[in-house]
>>> print(open('target-v7.cif').read())   # mmCIF, C-alpha atoms
data_input
#
loop_
_atom_site.label_atom_id
_atom_site.label_comp_id
_atom_site.auth_asym_id
_atom_site.auth_seq_id
_atom_site.Cartn_x
_atom_site.Cartn_y
_atom_site.Cartn_z
CA MET A 1 10.59 -52.35 15.48
CA PRO A 2 12.68 -50.89 12.66
CA SER A 3 16.34 -50.76 13.34
CA PRO A 4 17.52 -47.67 15.23
CA ASN A 5 20.12 -47.13 12.56
CA SER A 6 17.57 -46.52 9.84
CA LEU A 7 15.57 -44.31 12.14
CA LYS A 8 18.67 -42.22 12.73
CA THR A 9 19.26 -41.94 9.01
CA LEU A 10 15.70 -40.84 8.52
CA LYS A 11 16.00 -38.21 11.21
CA PHE A 12 19.22 -36.97 9.67
CA LEU A 13 17.66 -36.81 6.23
CA HIS A 14 14.65 -35.00 7.63
CA SER A 15 16.73 -32.28 9.24
CA LYS A 16 18.86 -31.98 6.13
CA THR A 17 15.87 -31.59 3.84
CA GLN A 18 14.43 -28.90 6.03
CA ARG A 19 17.69 -26.99 5.99
CA LEU A 20 18.14 -27.42 2.26
CA SER A 21 14.66 -26.62 1.14
CA SER A 22 15.42 -22.91 0.99
CA THR A 23 18.86 -23.00 -0.54
CA SER A 24 18.94 -25.64 -3.21
CA PRO A 25 15.68 -26.96 -4.61
CA SER A 26 17.07 -29.73 -6.79
CA LEU A 27 19.14 -31.26 -4.02
CA HIS A 28 16.19 -30.87 -1.75
CA GLN A 29 14.07 -32.84 -4.15
CA ARG A 30 16.60 -35.62 -4.42
CA LEU A 31 16.83 -35.87 -0.65
CA LEU A 32 13.09 -35.88 -0.36
CA ILE A 33 12.84 -38.81 -2.69
CA LYS A 34 15.53 -40.64 -0.76
CA SER A 35 13.95 -39.98 2.59
CA SER A 36 10.47 -40.81 1.44
CA ALA A 37 11.65 -44.11 0.05
CA LEU A 38 13.22 -44.86 3.39
CA HIS A 39 10.11 -43.70 5.10
CA GLN A 40 7.96 -46.04 3.07
CA ARG A 41 10.21 -48.93 3.94
CA LEU A 42 9.91 -47.98 7.58
CA LEU A 43 6.14 -47.77 7.32
CA ILE A 44 5.95 -51.23 5.85
CA LYS A 45 8.11 -52.55 8.63
CA SER A 46 6.20 -50.81 11.35
CA SER A 47 2.79 -51.77 10.03
CA THR A 48 3.39 -55.27 11.36
CA LEU A 49 3.87 -53.82 14.80
CA PRO A 50 1.37 -51.95 16.98
CA SER A 51 3.58 -49.01 17.88
CA ASP A 52 3.83 -46.22 15.36
CA ASP A 53 5.18 -43.35 17.39
CA HIS A 54 8.21 -43.00 15.14
CA ILE A 55 6.33 -41.88 12.03
CA PHE A 56 7.42 -38.40 11.16
CA PRO A 57 5.23 -35.85 9.51
CA LEU A 58 7.32 -35.91 6.36
CA THR A 59 6.36 -34.25 3.12
CA CYS A 60 6.58 -37.35 1.00
CA ILE A 61 6.39 -37.46 -2.72
CA THR A 62 3.69 -39.91 -3.63
CA PHE A 63 4.81 -42.43 -6.14
CA CYS A 64 2.31 -43.36 -8.77
CA GLY A 65 2.37 -46.78 -10.28
CA THR A 66 4.03 -46.44 -13.64
CA SER A 67 3.14 -49.66 -15.38
CA ASN A 68 -0.50 -49.27 -16.44
CA MET A 69 -0.86 -45.55 -15.66
CA GLY A 70 1.19 -44.77 -18.77
CA THR A 71 -1.56 -44.11 -21.29
CA LEU A 72 -3.80 -42.41 -18.76
CA GLY A 73 -0.97 -40.20 -17.63
CA PHE A 74 -0.19 -39.31 -21.20
CA LEU A 75 -3.83 -38.44 -21.89
CA TRP A 76 -3.96 -36.34 -18.75
CA SER A 77 -0.81 -34.42 -19.57
CA PHE A 78 -1.98 -33.95 -23.15
CA THR A 79 -5.34 -32.48 -22.08
CA ARG A 80 -3.60 -30.27 -19.55
CA ALA A 81 -1.21 -28.97 -22.15
CA SER A 82 -3.96 -28.28 -24.66
CA VAL A 83 -6.15 -26.51 -22.10
CA THR A 84 -3.20 -24.34 -21.07
CA GLY A 85 -2.48 -23.57 -24.70
CA ALA A 86 -6.10 -22.64 -25.31
CA LEU A 87 -6.12 -20.35 -22.27
CA PHE A 88 -3.01 -18.56 -23.47
CA GLY A 89 -4.25 -18.37 -27.04
CA VAL A 90 -7.63 -16.95 -26.13
CA THR A 91 -6.12 -14.39 -23.79
CA ILE A 92 -3.53 -13.22 -26.29
CA SER A 93 -6.05 -13.00 -29.11
CA ASP A 94 -8.47 -11.10 -26.88
CA ARG A 95 -6.08 -8.64 -25.40
CA TYR A 96 -3.08 -8.19 -27.65
CA ALA A 97 -3.24 -9.40 -31.20
CA SER A 98 -4.88 -11.97 -33.39
CA ILE A 99 -4.80 -13.20 -36.95
CA VAL A 100 -7.98 -13.19 -38.98
CA PRO A 101 -8.80 -14.08 -42.57
CA VAL A 102 -10.43 -11.43 -44.74
CA ARG A 103 -13.00 -12.48 -47.30
CA GLY A 104 -15.00 -10.57 -49.80
CA LEU A 105 -14.28 -7.67 -52.09
CA SER A 106 -15.32 -4.69 -50.03
CA MET A 107 -11.70 -3.67 -49.33
CA TYR A 108 -10.61 -4.58 -52.87
CA PRO A 109 -7.39 -2.66 -53.56
CA THR A 110 -6.09 -3.17 -50.01
CA PHE A 111 -7.08 -6.77 -49.38
CA ASN A 112 -7.80 -9.60 -51.77
CA PRO A 113 -6.59 -8.07 -55.04
CA GLY A 114 -6.35 -10.58 -57.81
CA ARG A 115 -9.34 -12.51 -56.60
CA ASN A 116 -11.69 -10.54 -58.78
CA SER A 117 -12.42 -13.54 -60.96
CA PHE A 118 -13.41 -15.68 -57.97
CA PRO A 119 -15.74 -13.50 -55.98
CA ARG A 120 -16.96 -16.47 -53.99
CA SER A 121 -13.52 -17.76 -53.21
CA LEU A 122 -13.25 -18.85 -49.62
CA SER A 123 -9.57 -18.23 -49.24
CA GLY A 124 -8.57 -14.71 -48.46
CA ASP A 125 -5.80 -12.62 -47.03
CA LEU A 126 -4.63 -13.20 -43.50
CA VAL A 127 -4.18 -10.02 -41.54
CA LEU A 128 -2.75 -9.21 -38.12
CA VAL A 129 -5.20 -7.34 -35.89
CA GLU A 130 -3.72 -5.47 -32.97
CA LYS A 131 -5.87 -4.65 -29.96
CA PHE A 132 -3.74 -2.17 -28.07
CA CYS A 133 -5.78 0.66 -29.55
CA LEU A 134 -8.81 -0.62 -27.61
CA ALA A 135 -7.27 0.42 -24.29
CA LYS A 136 -8.00 4.07 -24.94
CA TYR A 137 -10.14 3.93 -28.09
CA LYS A 138 -7.69 6.22 -29.86
CA PHE A 139 -8.05 5.92 -33.59
CA SER A 140 -6.99 8.08 -36.45
CA HIS A 141 -8.59 8.77 -39.78
CA GLY A 142 -7.92 6.13 -42.35
CA ASP A 143 -7.26 3.25 -39.97
CA VAL A 144 -8.52 -0.10 -41.17
CA ILE A 145 -10.60 -1.53 -38.34
CA VAL A 146 -12.31 -4.80 -37.52
CA PHE A 147 -15.73 -4.51 -35.90
CA ARG A 148 -18.87 -6.48 -35.17
CA SER A 149 -21.65 -5.87 -37.65
CA PRO A 150 -24.37 -3.75 -36.03
CA SER A 151 -27.11 -5.76 -37.68
CA ASN A 152 -25.75 -9.23 -36.98
CA HIS A 153 -23.67 -9.80 -33.87
CA LYS A 154 -22.08 -12.96 -35.22
CA GLU A 155 -20.56 -11.24 -38.21
CA THR A 156 -17.29 -9.35 -38.17
CA LEU A 157 -16.50 -6.74 -40.80
CA VAL A 158 -13.34 -5.02 -41.97
CA LYS A 159 -13.67 -1.42 -43.14
CA ARG A 160 -11.78 1.83 -43.21
CA LEU A 161 -12.51 4.44 -40.58
CA ILE A 162 -13.45 7.70 -42.24
CA ALA A 163 -14.80 10.04 -39.59
CA LEU A 164 -14.53 10.22 -35.83
CA PRO A 165 -17.09 11.49 -33.27
CA GLY A 166 -18.03 15.13 -33.51
CA GLU A 167 -17.08 15.53 -37.16
CA TRP A 168 -19.19 16.31 -40.16
CA ILE A 169 -19.24 14.03 -43.14
CA ARG A 170 -20.67 14.38 -46.62
CA VAL A 171 -22.45 11.20 -47.61
CA PRO A 172 -21.61 10.62 -51.27
CA GLU A 173 -24.92 9.11 -52.43
CA SER A 174 -27.48 11.28 -50.76
CA ARG A 175 -25.35 14.48 -50.84
CA GLU A 176 -26.34 15.30 -47.30
CA ILE A 177 -23.99 16.38 -44.57
CA LEU A 178 -24.41 14.81 -41.15
CA LYS A 179 -22.69 14.98 -37.81
CA ILE A 180 -21.23 11.87 -36.24
CA PRO A 181 -22.79 11.50 -32.77
CA GLN A 182 -20.74 11.07 -29.62
CA GLY A 183 -19.03 7.69 -29.32
CA HIS A 184 -19.70 6.71 -32.92
CA CYS A 185 -17.66 6.61 -36.10
CA TRP A 186 -18.18 6.40 -39.83
CA VAL A 187 -16.76 3.42 -41.69
CA GLU A 188 -16.57 2.67 -45.39
CA GLY A 189 -15.02 0.02 -47.57
CA ASP A 190 -12.36 0.91 -50.10
CA ASN A 191 -14.39 -0.67 -52.88
CA SER A 192 -17.51 1.45 -52.68
CA THR A 193 -19.44 -0.58 -55.23
CA HIS A 194 -19.17 -3.84 -53.29
CA SER A 195 -19.31 -2.59 -49.75
CA LEU A 196 -21.97 -2.72 -47.09
CA ASP A 197 -20.94 0.00 -44.70
CA SER A 198 -22.01 3.15 -42.89
CA ARG A 199 -23.69 4.40 -46.04
CA SER A 200 -26.35 1.76 -45.46
CA PHE A 201 -26.39 1.33 -41.67
CA GLY A 202 -25.22 4.74 -40.53
CA PRO A 203 -22.55 5.56 -38.00
CA ILE A 204 -21.55 2.67 -35.73
CA PRO A 205 -20.72 2.80 -32.00
CA LEU A 206 -17.01 2.76 -31.25
CA ALA A 207 -17.67 -0.01 -28.74
CA LEU A 208 -18.27 -2.43 -31.62
CA ILE A 209 -14.66 -2.12 -32.75
CA GLN A 210 -12.59 -5.24 -32.15
CA GLY A 211 -9.20 -4.07 -33.29
CA ARG A 212 -7.07 -2.33 -35.88
CA VAL A 213 -5.56 -4.10 -38.86
CA SER A 214 -1.85 -3.38 -38.81
CA HIS A 215 -0.23 -5.85 -41.19
CA VAL A 216 -1.01 -8.20 -44.02
CA ILE A 217 0.58 -11.56 -43.28
CA TRP A 218 -0.53 -13.77 -46.12
CA PRO A 219 0.07 -13.96 -49.11
CA PRO A 220 3.79 -13.41 -48.60
CA GLN A 221 4.35 -11.24 -51.64
CA ARG A 222 2.09 -8.54 -50.21
CA MET A 223 3.30 -8.90 -46.65
CA GLY A 224 3.68 -5.54 -44.96
CA GLU A 225 2.02 -2.74 -43.11
CA VAL A 226 -1.44 -1.51 -44.00
CA GLU A 227 -1.27 2.18 -44.71
CA ARG A 228 -3.77 4.86 -43.85
CA LYS A 229 -5.73 6.34 -46.69
CA LEU A 230 -8.36 9.02 -46.60
CA PRO A 231 -10.73 10.40 -49.17
CA THR A 232 -10.08 14.11 -49.38
CA GLY A 233 -12.59 16.86 -48.95
CA ARG A 234 -15.37 14.89 -47.35
CA VAL A 235 -14.70 15.20 -43.65
CA SER A 236 -14.44 18.39 -41.70
CA SER A 237 -14.08 18.81 -38.01
CA TYR A 238 -16.55 21.62 -37.72
CA MET B 1 58.16 -14.78 28.49
CA GLN B 2 55.67 -17.18 29.82
CA ARG B 3 52.80 -14.87 28.83
CA GLU B 4 54.09 -14.65 25.28
CA GLU B 5 54.04 -18.40 25.05
CA GLU B 6 50.54 -18.48 26.43
CA LYS B 7 49.47 -15.92 23.85
CA ALA B 8 51.00 -17.92 21.03
CA ALA B 9 49.28 -21.05 22.24
CA PHE B 10 45.97 -19.20 22.42
CA ARG B 11 46.44 -17.84 18.91
CA ASP B 12 47.14 -21.32 17.63
CA SER B 13 44.09 -22.79 19.29
CA ASN B 14 41.60 -20.20 17.97
CA PRO B 15 42.99 -18.51 14.94
CA THR B 16 39.98 -16.25 14.35
CA THR B 17 40.44 -14.33 17.56
CA ALA B 18 43.94 -13.26 16.66
CA PHE B 19 43.59 -9.66 15.65
CA SER B 20 46.47 -8.12 13.88
CA ARG B 21 45.69 -5.89 10.91
CA THR B 22 47.00 -8.23 8.25
CA ASP B 23 45.17 -11.11 9.86
CA LYS B 24 41.96 -9.12 9.63
CA GLY B 25 42.53 -8.51 5.96
CA ILE B 26 43.19 -12.15 5.35
CA ILE B 27 40.05 -13.12 7.21
CA LEU B 28 38.02 -10.63 5.19
CA MET B 29 39.49 -11.90 1.94
CA GLY B 30 38.81 -15.43 3.02
CA SER B 31 35.21 -14.68 3.87
CA ILE B 32 34.69 -12.93 0.53
CA ARG B 33 36.29 -15.83 -1.23
CA SER B 34 34.07 -18.30 0.58
CA LEU B 35 31.03 -16.18 -0.22
CA VAL B 36 31.95 -16.13 -3.90
CA LYS B 37 32.51 -19.84 -3.77
CA ARG B 38 29.16 -20.35 -2.15
CA MET B 39 27.52 -18.17 -4.82
CA GLN B 40 29.21 -20.27 -7.47
CA ASP B 41 28.05 -23.41 -5.78
CA LEU B 42 24.41 -22.27 -5.84
CA PRO B 43 22.53 -24.23 -8.50
CA TRP B 44 21.77 -21.25 -10.71
CA ARG B 45 20.25 -23.37 -13.37
CA SER B 46 17.62 -24.83 -11.06
CA VAL B 47 16.95 -21.43 -9.46
CA ALA B 48 16.31 -19.93 -12.90
CA LYS B 49 14.18 -22.90 -13.83
CA GLU B 50 12.09 -22.49 -10.74
CA GLY B 51 11.67 -18.77 -11.42
CA VAL B 52 10.49 -19.47 -14.95
CA GLU B 53 8.12 -22.13 -13.67
CA ARG B 54 6.66 -19.77 -11.06
CA SER B 55 6.09 -16.97 -13.57
CA PHE B 56 4.55 -19.41 -16.01
CA LEU B 57 2.15 -20.51 -13.31
CA LEU B 58 1.26 -16.90 -12.57
CA ALA B 59 0.68 -16.18 -16.25
CA LYS B 60 -1.53 -19.24 -16.47
CA PHE B 61 -3.55 -18.07 -13.51
CA LEU B 62 -4.02 -14.61 -15.05
CA CYS B 63 -5.10 -16.16 -18.35
CA PHE B 64 -7.57 -18.33 -16.50
CA CYS B 65 -8.99 -15.25 -14.77
CA HIS B 66 -9.32 -13.45 -18.09
CA VAL B 67 -11.13 -16.33 -19.76
CA THR B 68 -13.46 -16.84 -16.80
CA ASN B 69 -14.22 -13.14 -16.65
CA ASN B 70 -14.90 -12.77 -20.34
CA TYR B 71 -16.57 -16.02 -21.26
CA ILE B 72 -18.25 -17.49 -18.19
CA CYS B 73 -19.13 -15.04 -15.47
CA SER B 74 -17.90 -11.96 -13.74
CA ILE B 75 -18.84 -9.62 -10.94
CA ALA B 76 -19.95 -6.07 -11.67
CA LEU B 77 -20.47 -3.10 -9.42
CA VAL B 78 -23.64 -1.32 -10.44
CA CYS B 79 -24.31 2.15 -9.16
CA GLY B 80 -26.41 5.05 -10.26
CA PRO B 81 -30.05 5.98 -10.18
CA SER B 82 -31.24 4.52 -13.46
CA MET B 83 -32.31 1.08 -12.18
CA LEU B 84 -33.63 2.40 -8.90
CA PRO B 85 -36.41 0.13 -7.70
CA THR B 86 -34.43 -2.96 -8.64
CA LEU B 87 -30.84 -1.98 -7.95
CA ASN B 88 -29.77 0.45 -5.28
CA LEU B 89 -28.37 3.88 -5.79
CA THR B 90 -25.31 3.29 -3.66
CA GLY B 91 -23.97 0.35 -5.57
CA ASP B 92 -24.76 -3.34 -5.71
CA LEU B 93 -22.45 -6.17 -6.55
CA VAL B 94 -24.04 -8.28 -9.21
CA LEU B 95 -23.01 -11.61 -10.70
CA VAL B 96 -23.01 -11.34 -14.47
CA GLU B 97 -23.02 -14.40 -16.66
CA ARG B 98 -21.54 -14.10 -20.11
CA ILE B 99 -22.81 -17.21 -21.82
CA SER B 100 -26.39 -16.39 -22.68
CA PRO B 101 -25.69 -13.40 -24.97
CA ARG B 102 -23.46 -15.68 -27.02
CA ILE B 103 -26.13 -18.29 -27.48
CA ASN B 104 -28.99 -15.82 -28.03
CA ARG B 105 -30.69 -16.50 -24.72
CA VAL B 106 -31.33 -12.87 -23.83
CA GLY B 107 -34.91 -11.75 -23.98
CA HIS B 108 -37.55 -9.37 -22.69
CA GLY B 109 -37.15 -8.24 -19.12
CA ASP B 110 -33.58 -9.40 -18.60
CA ILE B 111 -31.20 -7.04 -16.89
CA VAL B 112 -28.18 -6.78 -19.14
CA ILE B 113 -24.76 -5.20 -19.05
CA VAL B 114 -24.26 -3.15 -22.21
CA ARG B 115 -21.27 -1.26 -23.55
CA SER B 116 -22.48 2.29 -23.84
CA PRO B 117 -22.82 3.40 -27.45
CA GLU B 118 -22.04 6.95 -26.41
CA ASN B 119 -18.82 6.20 -24.58
CA PRO B 120 -17.09 2.94 -25.49
CA ARG B 121 -15.18 2.79 -22.21
CA LYS B 122 -18.33 2.88 -20.10
CA THR B 123 -20.62 0.00 -19.31
CA ILE B 124 -24.26 0.53 -18.43
CA THR B 125 -26.85 -1.70 -16.82
CA LYS B 126 -30.34 -1.62 -18.27
CA ARG B 127 -33.37 -3.80 -18.80
CA ILE B 128 -34.26 -5.10 -22.24
CA THR B 129 -37.73 -3.96 -23.18
CA GLY B 130 -37.71 -4.76 -26.87
CA MET B 131 -36.04 -7.23 -29.17
CA GLU B 132 -35.55 -6.89 -32.92
CA GLY B 133 -38.79 -6.41 -34.83
CA ASP B 134 -40.74 -5.17 -31.81
CA SER B 135 -42.42 -1.82 -31.97
CA VAL B 136 -41.61 0.36 -29.00
CA THR B 137 -43.56 3.41 -27.91
CA PHE B 138 -41.85 5.88 -25.66
CA ALA B 139 -42.17 9.44 -24.44
CA TYR B 140 -40.21 11.52 -26.88
CA ASP B 141 -39.63 14.43 -24.55
CA ARG B 142 -38.90 13.97 -20.86
CA ARG B 143 -40.87 16.98 -19.73
CA GLN B 144 -43.90 16.81 -21.97
CA HIS B 145 -45.36 13.36 -21.64
CA ASP B 146 -47.86 13.80 -24.39
CA ARG B 147 -45.21 13.55 -27.09
CA TRP B 148 -45.05 9.86 -27.90
CA LYS B 149 -43.06 8.18 -30.56
CA THR B 150 -43.26 4.62 -31.89
CA ILE B 151 -40.40 2.94 -33.68
CA ILE B 152 -39.62 -0.59 -34.76
CA VAL B 153 -36.41 -2.01 -33.39
CA PRO B 154 -34.19 -2.79 -36.40
CA LYS B 155 -32.59 -6.13 -37.12
CA GLY B 156 -29.80 -7.16 -34.77
CA HIS B 157 -30.63 -4.47 -32.23
CA VAL B 158 -32.26 -4.40 -28.81
CA TRP B 159 -34.13 -1.69 -26.97
CA VAL B 160 -32.88 -1.07 -23.44
CA GLN B 161 -34.42 1.09 -20.74
CA GLY B 162 -33.73 1.81 -17.13
CA ASP B 163 -36.33 0.95 -14.52
CA ASN B 164 -36.31 4.50 -13.29
CA VAL B 165 -37.84 6.23 -16.29
CA PHE B 166 -37.18 9.68 -14.96
CA ALA B 167 -33.46 9.42 -14.39
CA SER B 168 -32.16 7.13 -17.06
CA ASN B 169 -30.05 7.70 -20.12
CA ASP B 170 -31.11 4.83 -22.33
CA SER B 171 -32.46 3.88 -25.74
CA ARG B 172 -34.89 6.78 -25.61
CA ASN B 173 -31.87 9.03 -26.00
CA PHE B 174 -29.45 7.05 -28.11
CA GLY B 175 -31.78 4.72 -29.95
CA PRO B 176 -31.66 0.96 -30.25
CA VAL B 177 -28.39 -0.71 -29.30
CA PRO B 178 -26.62 -3.31 -31.47
CA TYR B 179 -26.90 -6.76 -29.95
CA ALA B 180 -23.13 -7.16 -30.15
CA LEU B 181 -22.78 -4.59 -27.38
CA VAL B 182 -24.67 -6.76 -24.89
CA GLN B 183 -21.93 -8.10 -22.66
CA GLY B 184 -23.79 -10.21 -20.17
CA LYS B 185 -26.90 -10.90 -18.19
CA ALA B 186 -27.16 -9.94 -14.54
CA LEU B 187 -28.19 -13.05 -12.63
CA VAL B 188 -27.80 -12.69 -8.89
CA ARG B 189 -27.28 -9.78 -6.56
CA ILE B 190 -24.39 -10.63 -4.23
CA TRP B 191 -24.05 -7.49 -2.15
CA PRO B 192 -25.65 -6.20 0.09
CA PRO B 193 -26.21 -9.63 1.65
CA SER B 194 -29.60 -8.62 3.01
CA ALA B 195 -30.86 -8.26 -0.54
CA PHE B 196 -29.14 -11.39 -1.86
CA GLY B 197 -31.26 -13.03 -4.47
CA SER B 198 -31.86 -13.60 -8.13
CA LEU B 199 -32.67 -10.76 -10.48
CA GLY B 200 -35.15 -12.61 -12.59
CA PRO B 201 -37.13 -11.07 -15.41
CA GLY B 202 -39.53 -8.55 -14.04
CA LEU B 203 -41.89 -5.99 -15.50
#
>>> encode(input="target-v7.cif", output="structure tokens")
Amino acid sequence: MPSPNSLKTLKFLHSKTQRLSSTSPSLHQRLLIKSSALHQRLLIKSSTLPSDDHIFPLTCITFCGTSNMGTLGFLWSFTRASVTGALFGVTISDRYASIVPVRGLSMYPTFNPGRNSFPRSLSGDLVLVEKFCLAKYKFSHGDVIVFRSPSNHKETLVKRLIALPGEWIRVPESREILKIPQGHCWVEGDNSTHSLDSRSFGPIPLALIQGRVSHVIWPPQRMGEVERKLPTGRVSSY
Amino acid sequence: MQREEEKAAFRDSNPTTAFSRTDKGIILMGSIRSLVKRMQDLPWRSVAKEGVERSFLLAKFLCFCHVTNNYICSIALVCGPSMLPTLNLTGDLVLVERISPRINRVGHGDIVIVRSPENPRKTITKRITGMEGDSVTFAYDRRQHDRWKTIIVPKGHVWVQGDNVFASNDSRNFGPVPYALVQGKALVRIWPPSAFGSLGPGL
């Protein structure tokens, strides 16, 4: 049998940990470690004997072997950290804001000026896309928006929002005037010669919109807010 | 005289039961002081640390829910008359998986969850009856069924229709829907339990 002295200590520690667990967590933890170490010693002692009626239902901290679990533990913690980071990143970029690169010349004076000589250049501006506007689908004329291409769901386009549902718009090429249907909008690029936009695929559903471009982040000399611009005399609300 | 002595002895033995006004004040002050001391003794740093850890855990859980809901599967409540023989009028709970639209595994006859092109905050449940490049023939006017129209579904679009042709607001009204609006494929009906089962391609 283990000595009655150690048993008494264990009992004392047990009661103390229970009392402390609500008031001071760190002390509680320290005591737990102490008591569990004692407990383990007791268990080893008592395992040589048949009677085990003195084993308390203690909440022990399990001690892992530290010698050859080092690399495995590191790998495990690394994967856990990266998965957590990915979860947070995906959620933030889905719900609040994300950073996307803009390529191509369709928004020429606003994004990617000075890349005229390299039309196929892969590097482009980095812009901040905010997604708070998606909560109520409230947009205003002249917002620069990011949306999924209606003809290819894997492509994302950046254009300027020209007309909102229920408004009439004059299409520049065909000189016709058409009404934007409910839940749709009319988008056009700033650089009308290089832009594939509503003039070719018609009004797009508002549900395709992924966010509103609020700031240019990169390159640093053009860092700043993206302003609203609107061609005059083409849109009327009745 | 003797009683006074007794009283004094009693006061000495239990000081807290001696009730003169100043004594009361001292006791009160002492208790406040001990309370303050106890507050100071509390391990504020570890309490704050634990609070931060708890809220971090909660945030992680919410993020996990968001990612599961948006990228793997979610549960949708479908009600309305438009899918009537397949899904009930009163509302069915349906398990929606979100993977197959991303990897182009949505085809003819699948029941899909689509963001409505007419109202971006609404989601509708319809059956795909035509993929891009298909030619679809449909009754142009609800009341006169001799007016038929045939169109070819443009690139990157799908044609969706409700199972209940007579009470459905679908592609016959708003035209083909961009594929990017397809949010998920309805797999299994969960509720009511009597009708539990897979919603495989029909028609």
>>> resolve_selection(input="target-v7.cif", expression="the PyMOL selection byres ((chain A) within 6 of (chain B))", output="ChimeraX atom specification")
/A:87,91,150-153,182-183,205-207
>>> residues_around(input="target-v7.cif", residues="region 185-196 of chain A", least_positions_apart="2", cutoff="10 Å", atoms="all atoms listed in the file", output="PyMOL selection string")
chain A and resi 104-111+139+141-145+147+149+157-169+179-183+198-207+209+229-231
>>> atom_distance(input="target-v7.cif", atom1="CA of Asp170 (chain B)", atom2="CA of Val171 (chain A)")
27.5 Å
>>> atom_distance(input="target-v7.cif", atom1="CA of Ile113 (chain B)", atom2="CA of Leu178 (chain A)")
29.8 Å
>>> residues_near_point(input="target-v7.cif", point="(-29.7, -14.2, -19.7)", cutoff="9 Å", atoms="all atoms listed in the file", output="PyMOL selection string")
chain B and resi 96-101+104-107+110-112+184-187
>>> closest_residue(input="target-v7.cif", among="A:Glu130, A:Arg170, A:Glu176, A:Ser236", to="Ile92 (chain A)", atoms="only C-alpha atoms")
A:Glu130
>>> atom_distance(input="target-v7.cif", atom1="CA of Thr79 (chain A)", atom2="CA of Glu53 (chain B)")
18.9 Å
>>> axis_aligned_box(input="target-v7.cif", around="region 46-52 of chain B", padding_each_side="5 Å", output="AutoDock Vina command-line options")
--center_x 14.1 --center_y -21.8 --center_z -12.2 --size_x 17.1 --size_y 16.1 --size_z 15.5
>>> closest_residue(input="target-v7.cif", among="A:Val129, A:Ala86, A:Leu75, A:Val102", to="Ser214 (chain A)", atoms="all atoms listed in the file")
A:Val129
>>> residues_around(input="target-v7.cif", residues="Pro85 (chain B)", least_positions_apart="2", cutoff="12 Å", atoms="all atoms listed in the file", output="NGL selection string")
:B and (80-83 or 87-89 or 162-165 or 167 or 199 or 202-203)
>>> residues_around(input="target-v7.cif", residues="Ile217 (chain A)", least_positions_apart="4", cutoff="9 Å", atoms="all atoms listed in the file", output="PyMOL selection string")
chain A and resi 99+125-128+222-225
>>> closest_residue(input="target-v7.cif", among="B:Ala48, B:Leu35, B:Val160, B:Ile190", to="Gly91 (chain B)", atoms="only C-alpha atoms")
B:Ile190
>>> decode(input="target-v7.cif", residues="region 73-84 of chain A", atoms="N, CA and C atoms", output="CSV table (one decimal), in the first residue's frame")
chain,number,residue,atom,x,y,z
A,73,GLY,N,5.1,16.4,-33.1
A,73,GLY,CA,4.4,17.4,-32.5
A,73,GLY,C,4.5,18.7,-33.2
A,74,PHE,N,5.7,19.0,-33.7
A,74,PHE,CA,5.9,20.3,-34.5
A,74,PHE,C,5.0,20.2,-35.7
A,75,LEU,N,5.1,19.1,-36.4
A,75,LEU,CA,4.3,19.0,-37.7
A,75,LEU,C,2.8,19.2,-37.4
A,76,TRP,N,2.4,18.6,-36.3
A,76,TRP,CA,0.9,18.6,-35.9
A,76,TRP,C,0.5,20.1,-35.6
A,77,SER,N,1.4,20.8,-34.8
A,77,SER,CA,1.0,22.1,-34.5
A,77,SER,C,1.1,23.0,-35.7
A,78,PHE,N,2.1,22.7,-36.6
A,78,PHE,CA,2.2,23.5,-37.8
A,78,PHE,C,0.9,23.4,-38.7
A,79,THR,N,0.5,22.1,-38.9
A,79,THR,CA,-0.7,21.9,-39.7
A,79,THR,C,-1.9,22.6,-39.1
A,80,ARG,N,-2.0,22.5,-37.8
A,80,ARG,CA,-3.2,23.0,-37.1
A,80,ARG,C,-3.2,24.6,-37.3
A,81,ALA,N,-2.0,25.1,-37.1
A,81,ALA,CA,-1.9,26.6,-37.3
A,81,ALA,C,-2.3,27.0,-38.7
A,82,SER,N,-1.8,26.2,-39.7
A,82,SER,CA,-2.1,26.7,-41.1
A,82,SER,C,-3.5,26.5,-41.4
A,83,VAL,N,-4.2,25.4,-40.9
A,83,VAL,CA,-5.6,25.2,-41.2
A,83,VAL,C,-6.4,26.3,-40.6
A,84,THR,N,-6.0,26.7,-39.3
A,84,THR,CA,-6.8,27.8,-38.7
A,84,THR,C,-6.6,29.0,-39.5
